[in-house]
>>> print(open('upload.tsv').read())   # TSV, C-alpha atoms
chain	number	residue	atom	x	y	z
M	1	MET	CA	110.12	88.22	149.21
M	2	SER	CA	106.71	86.57	149.05
M	3	THR	CA	106.18	83.20	147.39
M	4	SER	CA	104.26	84.68	144.45
M	5	MET	CA	107.09	87.14	143.84
M	6	ASN	CA	109.64	84.32	143.84
M	7	LYS	CA	107.50	82.35	141.42
M	8	ALA	CA	107.15	85.33	139.08
M	9	LEU	CA	110.91	85.92	139.18
M	10	LEU	CA	111.58	82.26	138.43
M	11	ILE	CA	109.23	82.26	135.43
M	12	PHE	CA	110.81	85.51	134.20
M	13	LEU	CA	114.31	84.03	134.42
M	14	MET	CA	113.23	80.77	132.80
M	15	LEU	CA	111.59	82.55	129.86
M	16	SER	CA	114.60	84.83	129.42
M	17	SER	CA	116.93	81.82	129.43
M	18	LEU	CA	114.66	79.99	126.99
M	19	PHE	CA	114.65	82.92	124.54
M	20	ALA	CA	118.43	83.35	124.81
M	21	GLY	CA	118.93	79.59	124.42
M	22	ILE	CA	116.79	79.35	121.29
M	23	ALA	CA	118.61	82.37	119.80
M	24	SER	CA	122.01	80.79	120.54
M	25	LEU	CA	121.04	77.39	119.12
M	26	LEU	CA	119.64	79.00	115.97
M	27	THR	CA	122.85	80.96	115.48
M	28	VAL	CA	125.24	78.07	116.11
M	29	TYR	CA	123.42	75.28	114.26
M	30	VAL	CA	121.26	76.96	111.59
M	31	GLY	CA	122.96	80.19	110.51
M	32	PRO	CA	126.54	80.69	111.73
M	33	GLY	CA	126.79	83.61	109.30
M	34	ALA	CA	124.67	85.61	111.74
M	35	ILE	CA	127.37	85.59	114.42
M	36	ALA	CA	128.61	89.09	115.34
M	37	SER	CA	126.98	92.41	114.61
M	38	GLY	CA	127.35	92.34	110.85
M	39	THR	CA	128.84	95.78	110.30
M	40	PRO	CA	132.54	94.76	110.20
M	41	GLU	CA	131.58	91.84	107.97
M	42	LEU	CA	129.65	94.24	105.76
M	43	MET	CA	132.74	96.45	105.46
M	44	ALA	CA	134.80	93.42	104.46
M	45	TYR	CA	132.18	92.30	101.96
M	46	LEU	CA	131.87	95.73	100.36
M	47	ASN	CA	135.62	95.87	99.95
M	48	GLY	CA	135.75	92.67	97.97
M	49	ILE	CA	136.22	89.96	100.58
M	50	ASP	CA	134.04	86.92	100.11
M	51	TYR	CA	132.90	86.45	103.69
M	52	PRO	CA	131.46	82.92	104.07
M	53	LYS	CA	127.70	82.65	104.64
M	54	PHE	CA	127.40	86.42	105.01
M	55	ILE	CA	124.64	86.61	102.40
M	56	SER	CA	122.18	83.74	102.64
M	57	LEU	CA	118.54	83.11	103.41
M	58	LYS	CA	119.45	81.07	106.48
M	59	THR	CA	121.50	83.96	107.82
M	60	LEU	CA	118.58	86.33	107.20
M	61	PHE	CA	116.15	84.03	109.01
M	62	VAL	CA	118.48	83.55	111.98
M	63	LYS	CA	119.35	87.23	112.14
M	64	VAL	CA	115.68	88.30	112.23
M	65	PHE	CA	114.31	85.66	114.61
M	66	GLY	CA	117.47	85.10	116.66
M	67	LEU	CA	117.92	88.81	117.22
M	68	SER	CA	114.27	89.30	118.20
M	69	LEU	CA	114.59	86.47	120.72
M	70	ALA	CA	117.91	87.75	122.08
M	71	VAL	CA	116.57	91.28	122.53
M	72	SER	CA	113.43	89.91	124.20
M	73	ALA	CA	115.59	87.82	126.52
M	74	GLY	CA	117.04	91.06	127.88
M	75	LEU	CA	120.57	90.55	126.61
M	76	CYS	CA	122.72	93.63	126.29
M	77	ILE	CA	122.23	94.00	122.54
M	78	GLY	CA	120.06	96.09	120.25
M	79	LYS	CA	118.22	95.27	117.08
M	80	GLU	CA	119.29	98.48	115.37
M	81	GLY	CA	122.91	97.79	114.41
M	82	PRO	CA	122.39	94.33	112.91
M	83	LEU	CA	119.64	95.78	110.71
M	84	ALA	CA	122.50	96.91	108.45
M	85	HIS	CA	123.40	93.26	107.85
M	86	ILE	CA	119.73	92.32	107.40
M	87	GLY	CA	119.30	95.16	104.91
M	88	ALA	CA	122.34	94.04	102.92
M	89	ILE	CA	120.92	90.51	102.64
M	90	LEU	CA	117.53	91.94	101.64
M	91	GLY	CA	119.24	93.99	98.94
M	92	HIS	CA	120.69	90.83	97.48
M	93	GLY	CA	117.40	88.99	97.92
M	94	VAL	CA	115.49	91.59	95.96
M	95	LEU	CA	117.77	91.00	92.95
M	96	TYR	CA	116.67	87.37	92.88
M	97	LEU	CA	112.92	88.10	92.90
M	98	PRO	CA	111.14	86.63	89.87
M	99	ILE	CA	110.91	89.99	88.08
M	100	ASN	CA	112.32	90.22	84.56
M	101	PHE	CA	114.13	93.55	84.74
M	102	LEU	CA	116.09	92.52	87.84
M	103	LYS	CA	117.99	89.79	85.99
M	104	LYS	CA	120.37	92.23	84.30
M	105	PHE	CA	121.35	93.72	87.66
M	106	ARG	CA	122.84	90.52	89.02
M	107	THR	CA	126.41	91.71	88.62
M	108	GLU	CA	129.00	91.88	91.39
M	109	THR	CA	129.20	95.69	91.29
M	110	PHE	CA	125.47	96.20	91.43
M	111	LYS	CA	125.12	93.59	94.16
M	112	ARG	CA	127.48	95.65	96.28
M	113	GLU	CA	125.64	98.86	95.45
M	114	ILE	CA	122.30	97.42	96.40
M	115	ALA	CA	123.77	95.82	99.52
M	116	CYS	CA	124.89	99.34	100.47
M	117	ALA	CA	121.37	100.62	99.86
M	118	GLY	CA	119.86	97.81	101.92
M	119	ALA	CA	122.22	98.42	104.82
M	120	ALA	CA	121.48	102.14	104.77
M	121	ALA	CA	117.75	101.40	104.60
M	122	GLY	CA	118.02	99.11	107.63
M	123	VAL	CA	119.87	101.68	109.72
M	124	SER	CA	117.47	104.42	108.57
M	125	ALA	CA	114.45	102.34	109.53
M	126	ALA	CA	115.96	101.65	112.95
M	127	PHE	CA	116.83	105.22	113.80
M	128	GLY	CA	114.22	107.03	111.69
M	129	SER	CA	116.94	108.99	109.95
M	130	PRO	CA	117.46	108.60	106.18
M	131	ILE	CA	120.33	111.08	106.11
M	132	GLY	CA	122.04	109.32	109.01
M	133	GLY	CA	121.65	105.94	107.31
M	134	SER	CA	123.08	107.25	104.04
M	135	LEU	CA	126.07	108.82	105.79
M	136	PHE	CA	126.62	105.66	107.82
M	137	ILE	CA	126.95	103.52	104.72
M	138	TYR	CA	129.12	106.16	103.05
M	139	GLU	CA	131.47	105.87	106.01
M	140	VAL	CA	131.36	102.07	105.97
M	141	SER	CA	132.02	101.66	102.26
M	142	ARG	CA	134.17	104.71	101.55
M	143	PRO	CA	137.41	102.76	100.98
M	144	SER	CA	135.77	100.67	98.27
M	145	THR	CA	136.18	101.37	94.61
M	146	PHE	CA	132.60	101.11	93.36
M	147	TRP	CA	131.27	104.17	95.17
M	148	SER	CA	129.98	106.99	93.02
M	149	PHE	CA	128.23	110.23	93.82
M	150	GLU	CA	125.02	109.17	92.00
M	151	LEU	CA	124.81	106.19	94.31
M	152	MET	CA	124.39	108.51	97.28
M	153	TRP	CA	121.07	109.82	95.93
M	154	LYS	CA	119.77	106.34	95.26
M	155	ILE	CA	120.75	105.23	98.73
M	156	PHE	CA	119.11	108.27	100.28
M	157	PHE	CA	115.95	107.57	98.30
M	158	CYS	CA	115.97	103.93	99.41
M	159	SER	CA	116.52	104.96	103.05
M	160	SER	CA	113.64	107.42	102.88
M	161	ILE	CA	111.33	104.72	101.51
M	162	SER	CA	112.23	102.31	104.32
M	163	THR	CA	111.73	104.97	107.02
M	164	PHE	CA	108.40	105.93	105.46
M	165	VAL	CA	107.19	102.32	105.21
M	166	LEU	CA	108.11	101.58	108.83
M	167	ASN	CA	106.45	104.83	109.91
M	168	ILE	CA	103.18	104.01	108.14
M	169	LEU	CA	103.10	100.41	109.38
M	170	SER	CA	103.83	101.51	112.98
M	171	CYS	CA	101.03	104.08	112.82
M	172	LEU	CA	98.57	101.51	111.42
M	173	ARG	CA	99.54	98.99	114.09
M	174	LYS	CA	99.01	101.46	116.91
M	175	GLY	CA	95.75	102.65	115.35
M	176	GLU	CA	97.03	106.21	115.14
M	177	ASP	CA	96.57	108.68	112.33
M	178	VAL	CA	99.35	108.31	109.80
M	179	SER	CA	101.94	110.99	110.44
M	180	ILE	CA	105.68	111.29	109.94
M	181	THR	CA	106.40	111.59	113.66
M	182	ASN	CA	106.46	107.87	114.38
M	183	ALA	CA	109.71	107.06	112.61
M	184	GLY	CA	112.35	104.70	113.94
M	185	LEU	CA	112.50	101.86	116.42
M	186	ILE	CA	114.29	103.88	119.10
M	187	LYS	CA	112.32	106.51	120.94
M	188	PHE	CA	114.16	109.01	123.10
M	189	GLY	CA	110.92	110.60	124.28
M	190	SER	CA	109.58	113.99	123.40
M	191	TYR	CA	111.61	117.11	123.98
M	192	ASP	CA	109.70	119.96	125.58
M	193	SER	CA	110.92	123.47	125.04
M	194	GLN	CA	112.36	124.90	128.22
M	195	PRO	CA	111.82	128.52	129.20
M	196	TYR	CA	115.09	130.46	129.51
E	1	MET	CA	114.15	103.92	85.90
E	2	GLU	CA	114.61	100.22	86.57
E	3	VAL	CA	117.52	100.98	88.87
E	4	TRP	CA	115.32	103.28	90.95
E	5	ALA	CA	112.61	100.61	91.01
E	6	SER	CA	115.04	98.09	92.42
E	7	PHE	CA	116.19	100.54	95.10
E	8	THR	CA	112.52	101.22	95.96
E	9	LEU	CA	111.92	97.49	96.40
E	10	VAL	CA	114.87	97.26	98.78
E	11	GLY	CA	113.51	100.21	100.78
E	12	PHE	CA	110.11	98.55	101.09
E	13	ALA	CA	111.67	95.24	102.13
E	14	ALA	CA	113.92	96.84	104.77
E	15	GLY	CA	111.07	98.88	106.26
E	16	PHE	CA	108.81	95.85	106.36
E	17	VAL	CA	111.40	93.60	108.02
E	18	ALA	CA	112.22	96.31	110.60
E	19	PHE	CA	108.50	96.47	111.39
E	20	ILE	CA	108.26	92.67	111.74
E	21	MET	CA	111.22	92.69	114.15
E	22	ASP	CA	109.75	95.50	116.21
E	23	PHE	CA	106.43	93.65	116.35
E	24	LEU	CA	108.10	90.36	117.36
E	25	VAL	CA	110.18	91.96	120.11
E	26	ASP	CA	107.14	93.77	121.52
E	27	LYS	CA	105.08	90.57	121.57
E	28	LEU	CA	107.85	88.46	123.13
E	29	ILE	CA	108.57	91.01	125.86
E	30	LEU	CA	104.84	91.28	126.56
E	31	LEU	CA	104.61	87.49	126.75
E	32	LYS	CA	107.51	87.35	129.19
E	33	TRP	CA	106.09	89.99	131.51
E	34	SER	CA	102.51	88.74	131.38
E	35	ALA	CA	103.57	85.16	132.13
E	36	SER	CA	105.63	86.13	135.15
>>> encode(input="upload.tsv", output="structure tokens")
Amino acid sequence: MSTSMNKALLIFLMLSSLFAGIASLLTVYVGPGAIASGTPELMAYLNGIDYPKFISLKTLFVKVFGLSLAVSAGLCIGKEGPLAHIGAILGHGVLYLPINFLKKFRTETFKREIACAGAAAGVSAAFGSPIGGSLFIYEVSRPSTFWSFELMWKIFFCSSISTFVLNILSCLRKGEDVSITNAGLIKFGSYDSQPY
Amino acid sequence: MEVWASFTLVGFAAGFVAFIMDFLVDKLILLKWSAS
């Protein structure tokens, strides 16, 4: 290999290590609640287990920035699964916004309902699939006792909003016309119809 | 109605954070490749 190629490879490896190092340090020293994917912890939380540091602002910060750094470093992880955890924290966070009508919703049952909605919204935004996100959280929280059929509609509505918001923002960022074809963070490419 | 409003807020927040993460990852990967 030429010298310039070696230099480029060295810089690439150094930057990857730096990103992975920062992500690890953030997780270990700032927000240990962000360790692991978040989905098993979410299942435990929804079923009544008080998982330490699962819901906190520090965990949210570390999950968002640590995960972005870890994905950029090229580690074998995706940002789609942990969005369920991020969504659950956001659900809780919304309840503590300084809006009057939200105060009466700060009950343990509603916190779990809105954590479900947040998790479904996160998964829906990642995969561009509100129905998939709703069914995912149904599967995750099915053994719990708070689930009701009406909740499914609310969760589906919430998932649709998150997919729509991500879609619009992605279109605006890319300078494209706003359409509903830009949903999700994962793109599997376009499927052309094949002649049979 | 207020319940639906709270669920709407969560939807907005999740969509926005997913966008921020996508943006960050794109920029960091671009930085890594352009620097090397």
>>> closest_residue(input="upload.tsv", among="M:Arg112, M:Lys7, M:Lys58, M:Lys53", to="chain E", atoms="all atoms listed in the file")
M:Lys7
>>> interface_residues(input="upload.tsv", of="chain M", to="chain E", cutoff="6 Å", atoms="all atoms listed in the file", output="VMD selection string")
chain M and resid 8 11 to 12 68 72 87 91 118 121 to 122 125 158 161 to 162 165 to 166
>>> residues_around(input="upload.tsv", residues="Cys171 in chain M", least_positions_apart="6", cutoff="12 Å", atoms="all atoms listed in the file", output="list in words")
Phe164, Val165, Asp177, Val178, Ser179, Ile180, Thr181, Asn182, Ala183 and Gly184 of chain M; Phe19 of chain E
>>> write_last_selection(input="upload.tsv", atoms="C-alpha atoms", output="CSV table (one decimal), keeping the file's coordinate frame")
chain,number,residue,atom,x,y,z
M,164,PHE,CA,108.4,105.9,105.5
M,165,VAL,CA,107.2,102.3,105.2
M,177,ASP,CA,96.6,108.7,112.3
M,178,VAL,CA,99.4,108.3,109.8
M,179,SER,CA,101.9,111.0,110.4
M,180,ILE,CA,105.7,111.3,109.9
M,181,THR,CA,106.4,111.6,113.7
M,182,ASN,CA,106.5,107.9,114.4
M,183,ALA,CA,109.7,107.1,112.6
M,184,GLY,CA,112.4,104.7,113.9
E,19,PHE,CA,108.5,96.5,111.4
>>> residues_near_point(input="upload.tsv", point="(127.7, 94.6, 110.6)", cutoff="9 Å", atoms="all atoms listed in the file", output="mmCIF file with C-alpha atoms, in the frame of the given file")
data_model
loop_
_atom_site.group_PDB
_atom_site.id
_atom_site.type_symbol
_atom_site.label_atom_id
_atom_site.label_comp_id
_atom_site.auth_asym_id
_atom_site.auth_seq_id
_atom_site.Cartn_x
_atom_site.Cartn_y
_atom_site.Cartn_z
ATOM 1 C CA ALA M 36 128.610 89.090 115.340
ATOM 2 C CA SER M 37 126.980 92.410 114.610
ATOM 3 C CA GLY M 38 127.350 92.340 110.850
ATOM 4 C CA THR M 39 128.840 95.780 110.300
ATOM 5 C CA PRO M 40 132.540 94.760 110.200
ATOM 6 C CA GLU M 41 131.580 91.840 107.970
ATOM 7 C CA LEU M 42 129.650 94.240 105.760
ATOM 8 C CA MET M 43 132.740 96.450 105.460
ATOM 9 C CA GLY M 81 122.910 97.790 114.410
ATOM 10 C CA PRO M 82 122.390 94.330 112.910
ATOM 11 C CA LEU M 83 119.640 95.780 110.710
ATOM 12 C CA ALA M 84 122.500 96.910 108.450
ATOM 13 C CA HIS M 85 123.400 93.260 107.850
ATOM 14 C CA ILE M 86 119.730 92.320 107.400
ATOM 15 C CA ALA M 119 122.220 98.420 104.820
#
>>> atom_distance(input="upload.tsv", atom1="CA of Gly175 in chain M", atom2="CA of Ala126 in chain M")
20.4 Å
>>> atom_distance(input="upload.tsv", atom1="CA of Leu135 in chain M", atom2="CA of Asn47 in chain M")
17.1 Å
>>> build_atoms(input="upload.tsv", residues="range 4-21 of chain E", atoms="N, CA and C atoms", output="PDB file, in the coordinates of the input")
ATOM      1  N   TRP E   4     116.059 102.646  89.843  1.00  0.00           N
ATOM      2  CA  TRP E   4     115.320 103.280  90.950  1.00  0.00           C
ATOM      3  C   TRP E   4     114.244 102.336  91.475  1.00  0.00           C
ATOM      4  N   ALA E   5     113.644 101.577  90.581  1.00  0.00           N
ATOM      5  CA  ALA E   5     112.610 100.610  91.010  1.00  0.00           C
ATOM      6  C   ALA E   5     113.212  99.561  91.933  1.00  0.00           C
ATOM      7  N   SER E   6     114.409  99.101  91.582  1.00  0.00           N
ATOM      8  CA  SER E   6     115.040  98.090  92.420  1.00  0.00           C
ATOM      9  C   SER E   6     115.409  98.659  93.797  1.00  0.00           C
ATOM     10  N   PHE E   7     115.852  99.908  93.814  1.00  0.00           N
ATOM     11  CA  PHE E   7     116.190 100.540  95.100  1.00  0.00           C
ATOM     12  C   PHE E   7     114.912 100.761  95.937  1.00  0.00           C
ATOM     13  N   THR E   8     113.805 101.053  95.247  1.00  0.00           N
ATOM     14  CA  THR E   8     112.520 101.220  95.960  1.00  0.00           C
ATOM     15  C   THR E   8     112.107  99.901  96.608  1.00  0.00           C
ATOM     16  N   LEU E   9     112.266  98.813  95.859  1.00  0.00           N
ATOM     17  CA  LEU E   9     111.920  97.490  96.400  1.00  0.00           C
ATOM     18  C   LEU E   9     112.725  97.180  97.654  1.00  0.00           C
ATOM     19  N   VAL E  10     114.002  97.510  97.612  1.00  0.00           N
ATOM     20  CA  VAL E  10     114.870  97.260  98.780  1.00  0.00           C
ATOM     21  C   VAL E  10     114.383  98.100  99.973  1.00  0.00           C
ATOM     22  N   GLY E  11     114.017  99.339  99.715  1.00  0.00           N
ATOM     23  CA  GLY E  11     113.510 100.210 100.780  1.00  0.00           C
ATOM     24  C   GLY E  11     112.256  99.629 101.419  1.00  0.00           C
ATOM     25  N   PHE E  12     111.345  99.166 100.578  1.00  0.00           N
ATOM     26  CA  PHE E  12     110.110  98.550 101.090  1.00  0.00           C
ATOM     27  C   PHE E  12     110.440  97.328 101.945  1.00  0.00           C
ATOM     28  N   ALA E  13     111.324  96.486 101.422  1.00  0.00           N
ATOM     29  CA  ALA E  13     111.670  95.240 102.130  1.00  0.00           C
ATOM     30  C   ALA E  13     112.297  95.556 103.485  1.00  0.00           C
ATOM     31  N   ALA E  14     113.228  96.515 103.513  1.00  0.00           N
ATOM     32  CA  ALA E  14     113.920  96.840 104.770  1.00  0.00           C
ATOM     33  C   ALA E  14     112.936  97.415 105.792  1.00  0.00           C
ATOM     34  N   GLY E  15     112.067  98.299 105.352  1.00  0.00           N
ATOM     35  CA  GLY E  15     111.070  98.880 106.260  1.00  0.00           C
ATOM     36  C   GLY E  15     110.141  97.825 106.809  1.00  0.00           C
ATOM     37  N   PHE E  16     109.729  96.907 105.943  1.00  0.00           N
ATOM     38  CA  PHE E  16     108.810  95.850 106.360  1.00  0.00           C
ATOM     39  C   PHE E  16     109.467  94.907 107.372  1.00  0.00           C
ATOM     40  N   VAL E  17     110.701  94.515 107.103  1.00  0.00           N
ATOM     41  CA  VAL E  17     111.400  93.600 108.020  1.00  0.00           C
ATOM     42  C   VAL E  17     111.670  94.287 109.367  1.00  0.00           C
ATOM     43  N   ALA E  18     112.014  95.574 109.335  1.00  0.00           N
ATOM     44  CA  ALA E  18     112.220  96.310 110.600  1.00  0.00           C
ATOM     45  C   ALA E  18     110.921  96.321 111.402  1.00  0.00           C
ATOM     46  N   PHE E  19     109.798  96.484 110.710  1.00  0.00           N
ATOM     47  CA  PHE E  19     108.500  96.470 111.390  1.00  0.00           C
ATOM     48  C   PHE E  19     108.212  95.103 112.008  1.00  0.00           C
ATOM     49  N   ILE E  20     108.500  94.048 111.244  1.00  0.00           N
ATOM     50  CA  ILE E  20     108.260  92.670 111.740  1.00  0.00           C
ATOM     51  C   ILE E  20     109.092  92.437 113.008  1.00  0.00           C
ATOM     52  N   MET E  21     110.358  92.893 112.982  1.00  0.00           N
ATOM     53  CA  MET E  21     111.220  92.690 114.150  1.00  0.00           C
ATOM     54  C   MET E  21     110.712  93.463 115.361  1.00  0.00           C
TER      55      MET E  21
END
